[in-house]
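In what follows, a structure is listed as structure tokens, so that the remarks can point back to it.
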Amino acid sequence: MLINLVKNAVKFTEVDEIAVTLSAYRISAATEKDAAMWELKFTVRDTGIGIAKDKYYRLFRPFSQVEDTSTRRYGGTGLGLVISRTLVELMGGEIGLESEVEVGSTFTFTIKAEGLA
Amino acid sequence: MVFEDQTKMRESESVLRESRDRAEAGDRAKSQFLPTMSHEVRTPLNGILGFTNLLLETPLSAEQHECMETIRSSGEALIQLTDDILDFARIESGNLKLDLKPCDPCESVEEALDLLATNAGSKRVELLHWIDESLPEHVLTDPGRLVRC
């Protein structure tokens, strides 16, 4: 997931920076029987071309890109985010996007996992 | 006593059965086609990439080096494509599974950024990261999938 999201960020950012953050939140404490459950939240923020809100849905559709084929400047099958979304869901989390055209995009995903001391 | 002519009904049943069988066979062929093709494409590709890497370690002119680098990055893009197609076929057939292992999430972030450092550097894009200190040292997840994909 991380490589896919950061690679996308690099692909659509010309200059400037990409920031990756990882934060953690404990959902439940460890008991005698069960390990503690954690939610990990990853964000990837870029200062790239951004995506219009009415095109968000295209991102998570297979073989689809934000730009129509005729106007496309960037290559790719459009499978990457479909795979990432499925994996995030298998890991008990969610993937989301906030973006503004010409300002940049922030992809966020969460996963739930047992903490091991 | 009542007799009923069932010929028509039996005929349409067999037509339906046949078309269902055909549809199922088509579906099986389709879901077999993608993984098989991807696998078959990967083998020669790995050969191309392996020998490209070997050649890159020999003395080359700047121009030759640049050409070889292009062959390598194109090959890597194709490998990624076949990986994606294989994963997509697994999603469609409900066979995408996680391989849970102890994983240091900080390491995963650093590994992903390291792997893309050259990529970003060549575009003058800086990769920054911030990691919460309260994070558990290890969690149970699929580290391969967390980093790659």
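In the structure tokens, chains take the letters A, B, ... in the order shown, each chain's residues start at 1, and ligands count up from 1 in the order shown.
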
Exercise. Using only C-alpha atoms, determine which residues lie at most 6 Å from range 93-101 of chain A, disregarding the query and same-chain residues fewer than 6 positions distant; provide the list as a list of chain:residue names.
Key: A:Ile49, A:Gly50, A:Ile51, A:Ala52, A:Phe107, A:Thr108, A:Phe109, A:Thr110, A:Ile111

Practice problem: For range 35-41 of chain B, list every protein, DNA or RNA residue within 12 Å, evaluated using only C-alpha atoms, and leave out those in the same chain fewer than 5 positions away; present the list as a PyMOL selection string. | Solution: chain B and resi 28-30+46-48+75+78-93

Within 9 Å of chain A, which residues belong to chain B? Use only C-alpha atoms and report them as a PDB file with C-alpha atoms, in the first residue's frame.
ATOM      1  CA  LEU B  81       1.833  -4.619 -14.167  1.00  0.00           C
ATOM      2  CA  ASP B  84      -1.246  -6.028 -10.358  1.00  0.00           C
ATOM      3  CA  ILE B  85      -3.049  -8.231 -12.855  1.00  0.00           C
ATOM      4  CA  ASP B  87      -3.702  -9.519  -7.635  1.00  0.00           C
ATOM      5  CA  PHE B  88      -6.726  -8.241  -9.496  1.00  0.00           C
ATOM      6  CA  ILE B  91      -9.615 -10.188  -5.918  1.00  0.00           C
ATOM      7  CA  LEU B  96      -6.581 -12.424  -2.147  1.00  0.00           C
ATOM      8  CA  LYS B  97      -5.258 -13.478   1.270  1.00  0.00           C
ATOM      9  CA  LEU B  98      -3.099 -11.829   3.899  1.00  0.00           C
ATOM     10  CA  PRO B 102       4.985  -9.688  13.343  1.00  0.00           C
ATOM     11  CA  CYS B 103       5.845  -6.386  11.709  1.00  0.00           C
ATOM     12  CA  PRO B 105       5.330  -0.484  11.315  1.00  0.00           C
ATOM     13  CA  CYS B 106       8.096   2.172  11.513  1.00  0.00           C
ATOM     14  CA  SER B 108       7.602  -0.526   6.891  1.00  0.00           C
ATOM     15  CA  VAL B 109       7.316   3.231   6.387  1.00  0.00           C
ATOM     16  CA  GLU B 111      11.409   0.676   3.744  1.00  0.00           C
ATOM     17  CA  ALA B 112       8.764   2.132   1.418  1.00  0.00           C
ATOM     18  CA  LEU B 113      10.429   5.544   1.430  1.00  0.00           C
ATOM     19  CA  LEU B 115      12.675   2.144  -2.137  1.00  0.00           C
ATOM     20  CA  LEU B 116      11.292   5.323  -3.698  1.00  0.00           C
ATOM     21  CA  ASN B 119      12.571   7.952  -7.919  1.00  0.00           C
ATOM     22  CA  ALA B 120      11.685  11.046  -5.887  1.00  0.00           C
ATOM     23  CA  LYS B 123      12.130  14.643  -9.728  1.00  0.00           C
ATOM     24  CA  ARG B 124      13.496  16.932  -7.000  1.00  0.00           C
ATOM     25  CA  VAL B 125      10.689  15.823  -4.695  1.00  0.00           C
ATOM     26  CA  GLU B 126      11.581  15.540  -1.026  1.00  0.00           C
ATOM     27  CA  LEU B 127      10.171  12.631   0.991  1.00  0.00           C
ATOM     28  CA  LEU B 128       9.465  13.495   4.623  1.00  0.00           C
ATOM     29  CA  HIS B 129       8.072  11.286   7.333  1.00  0.00           C
ATOM     30  CA  TRP B 130       6.717  11.612  10.842  1.00  0.00           C
ATOM     31  CA  ILE B 131       5.994   8.635  13.087  1.00  0.00           C
ATOM     32  CA  ASP B 132       3.979   8.622  16.328  1.00  0.00           C
ATOM     33  CA  GLU B 133       6.179   7.548  19.252  1.00  0.00           C
ATOM     34  CA  SER B 134       3.376   5.778  21.101  1.00  0.00           C
ATOM     35  CA  LEU B 135       3.304   3.119  18.388  1.00  0.00           C
ATOM     36  CA  PRO B 136       3.646  -0.525  19.490  1.00  0.00           C
ATOM     37  CA  GLU B 137       7.018  -1.969  18.493  1.00  0.00           C
ATOM     38  CA  HIS B 138       5.425  -4.783  16.549  1.00  0.00           C
ATOM     39  CA  VAL B 139       1.945  -5.511  15.265  1.00  0.00           C
ATOM     40  CA  LEU B 140       0.465  -8.559  13.592  1.00  0.00           C
ATOM     41  CA  THR B 141      -0.184  -7.728   9.951  1.00  0.00           C
ATOM     42  CA  ASP B 142       0.995  -8.518   6.428  1.00  0.00           C
ATOM     43  CA  ARG B 145       1.438  -6.051   1.514  1.00  0.00           C
ATOM     44  CA  LEU B 146       1.711  -3.049   3.805  1.00  0.00           C
ATOM     45  CA  VAL B 147       4.906  -1.922   2.096  1.00  0.00           C
ATOM     46  CA  ARG B 148       4.589  -3.062  -1.480  1.00  0.00           C
ATOM     47  CA  CYS B 149       1.326  -3.127  -3.423  1.00  0.00           C
TER      48      CYS B 149
END

Practice problem: Would you work out the distance separating CA of Arg20 in chain B from CA of Asp5 in chain B, expressed in Å to one decimal? | Solution: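 These atoms are spaced 24.7 Å apart.
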
Practice problem: Please return as a count of residues only: the residues of chain A that backbone DSSP assigns to alpha helix (DSSP H). | Solution: 26

Exercise. Give the strand (DSSP E or B) residues of chain A, as DSSP finds them on the backbone, and put them as an MDAnalysis selection string.
Key: chainID A and resid 16:28 37:45 95:100 104:116

Saved selection, atoms kept: N, CA and C atoms, as a CSV table (one decimal), in the first residue's frame:
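As written to disk, out03.csv reads:
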chain,number,residue,atom,x,y,z
A,16,ASP,N,8.8,20.1,-4.9
A,16,ASP,CA,8.3,20.2,-3.6
A,16,ASP,C,8.4,18.9,-2.8
A,17,GLU,N,7.4,18.6,-1.9
A,17,GLU,CA,7.6,17.5,-1.0
A,17,GLU,C,6.4,16.6,-0.8
A,18,ILE,N,6.7,15.4,-0.3
A,18,ILE,CA,5.7,14.5,0.0
A,18,ILE,C,5.9,14.1,1.5
A,19,ALA,N,4.8,14.1,2.3
A,19,ALA,CA,5.0,13.8,3.7
A,19,ALA,C,4.1,12.6,4.0
A,20,VAL,N,4.8,11.6,4.7
A,20,VAL,CA,4.2,10.4,5.1
A,20,VAL,C,4.1,10.4,6.6
A,21,THR,N,2.9,10.2,7.2
A,21,THR,CA,2.8,10.2,8.7
A,21,THR,C,2.2,8.8,9.1
A,22,LEU,N,2.6,8.4,10.3
A,22,LEU,CA,2.0,7.2,10.8
A,22,LEU,C,1.6,7.5,12.3
A,23,SER,N,0.4,7.3,12.6
A,23,SER,CA,0.0,7.5,14.0
A,23,SER,C,-0.8,6.3,14.5
A,24,ALA,N,-0.8,6.1,15.8
A,24,ALA,CA,-1.4,4.9,16.3
A,24,ALA,C,-2.4,5.2,17.4
A,25,TYR,N,-3.4,4.4,17.5
A,25,TYR,CA,-4.5,4.6,18.5
A,25,TYR,C,-4.9,3.3,19.1
A,26,ARG,N,-4.8,3.1,20.4
A,26,ARG,CA,-5.1,1.8,21.0
A,26,ARG,C,-6.6,1.7,21.1
A,27,ILE,N,-7.2,0.7,20.5
A,27,ILE,CA,-8.7,0.4,20.5
A,27,ILE,C,-9.0,-0.3,21.8
A,28,SER,N,-8.2,-1.3,22.1
A,28,SER,CA,-8.5,-2.0,23.4
A,28,SER,C,-7.2,-2.5,24.0
A,37,MET,N,-5.5,-4.3,20.8
A,37,MET,CA,-5.8,-4.0,19.4
A,37,MET,C,-5.5,-2.6,19.2
A,38,TRP,N,-4.8,-2.4,18.0
A,38,TRP,CA,-4.4,-1.0,17.6
A,38,TRP,C,-5.0,-0.6,16.3
A,39,GLU,N,-5.3,0.7,16.2
A,39,GLU,CA,-5.6,1.2,14.8
A,39,GLU,C,-4.4,2.0,14.4
A,40,LEU,N,-3.8,1.7,13.3
A,40,LEU,CA,-2.7,2.5,12.7
A,40,LEU,C,-3.2,3.3,11.6
A,41,LYS,N,-2.8,4.6,11.6
A,41,LYS,CA,-3.3,5.5,10.5
A,41,LYS,C,-2.2,6.0,9.7
A,42,PHE,N,-2.1,5.8,8.5
A,42,PHE,CA,-1.1,6.2,7.6
A,42,PHE,C,-1.6,7.3,6.7
A,43,THR,N,-0.9,8.4,6.5
A,43,THR,CA,-1.3,9.4,5.6
A,43,THR,C,-0.1,9.7,4.6
A,44,VAL,N,-0.5,10.0,3.4
A,44,VAL,CA,0.5,10.4,2.4
A,44,VAL,C,0.0,11.7,1.7
A,45,ARG,N,0.7,12.8,2.0
A,45,ARG,CA,0.2,14.1,1.5
A,45,ARG,C,1.2,14.5,0.4
A,95,ILE,N,-9.8,3.3,3.4
A,95,ILE,CA,-8.9,4.2,2.7
A,95,ILE,C,-9.7,5.4,2.2
A,96,GLY,N,-9.2,6.6,2.3
A,96,GLY,CA,-9.9,7.8,1.9
A,96,GLY,C,-9.0,8.8,1.3
A,97,LEU,N,-9.6,9.8,0.8
A,97,LEU,CA,-8.9,10.8,0.0
A,97,LEU,C,-9.4,12.2,0.3
A,98,GLU,N,-8.6,13.2,0.5
A,98,GLU,CA,-9.0,14.6,0.5
A,98,GLU,C,-8.1,15.3,-0.5
A,99,SER,N,-8.6,16.1,-1.4
A,99,SER,CA,-7.8,16.7,-2.4
A,99,SER,C,-8.4,18.0,-2.9
A,100,GLU,N,-7.5,18.8,-3.4
A,100,GLU,CA,-7.9,20.0,-4.0
A,100,GLU,C,-7.1,20.2,-5.3
A,104,GLY,N,-3.1,19.8,-4.1
A,104,GLY,CA,-2.5,18.5,-3.7
A,104,GLY,C,-3.5,17.5,-3.1
A,105,SER,N,-3.0,16.3,-2.8
A,105,SER,CA,-3.9,15.3,-2.3
A,105,SER,C,-3.4,14.7,-1.1
A,106,THR,N,-4.3,14.2,-0.2
A,106,THR,CA,-3.9,13.4,1.0
A,106,THR,C,-4.7,12.1,1.0
A,107,PHE,N,-3.9,11.1,0.9
A,107,PHE,CA,-4.5,9.7,1.0
A,107,PHE,C,-4.3,9.3,2.4
A,108,THR,N,-5.4,8.7,3.0
A,108,THR,CA,-5.3,8.2,4.4
A,108,THR,C,-5.8,6.8,4.4
A,109,PHE,N,-5.1,5.9,5.0
A,109,PHE,CA,-5.7,4.6,5.3
A,109,PHE,C,-5.4,4.1,6.7
A,110,THR,N,-6.3,3.3,7.2
A,110,THR,CA,-6.2,2.8,8.5
A,110,THR,C,-6.1,1.3,8.4
A,111,ILE,N,-5.5,0.6,9.4
A,111,ILE,CA,-5.5,-0.8,9.5
A,111,ILE,C,-5.7,-1.2,11.0
A,112,LYS,N,-6.3,-2.3,11.3
A,112,LYS,CA,-6.4,-2.7,12.6
A,112,LYS,C,-5.5,-3.9,12.8
A,113,ALA,N,-4.8,-3.9,13.9
A,113,ALA,CA,-3.8,-5.0,14.1
A,113,ALA,C,-3.6,-5.2,15.6
A,114,GLU,N,-3.3,-6.5,15.9
A,114,GLU,CA,-2.9,-6.9,17.3
A,114,GLU,C,-1.6,-6.3,17.6
A,115,GLY,N,-1.4,-5.7,18.8
A,115,GLY,CA,-0.1,-5.2,19.1
A,115,GLY,C,0.7,-6.3,19.8
A,116,LEU,N,2.0,-6.4,19.4
A,116,LEU,CA,2.9,-7.4,20.1
A,116,LEU,C,3.9,-6.6,20.8

Quiz item: Between CA of Glu76 in chain B and CA of Leu49 in chain B, what is the distance, to one decimal in Å?
Solution: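 Interatomic distance, CA of Glu76 in chain B to CA of Leu49 in chain B: 7.7 Å.
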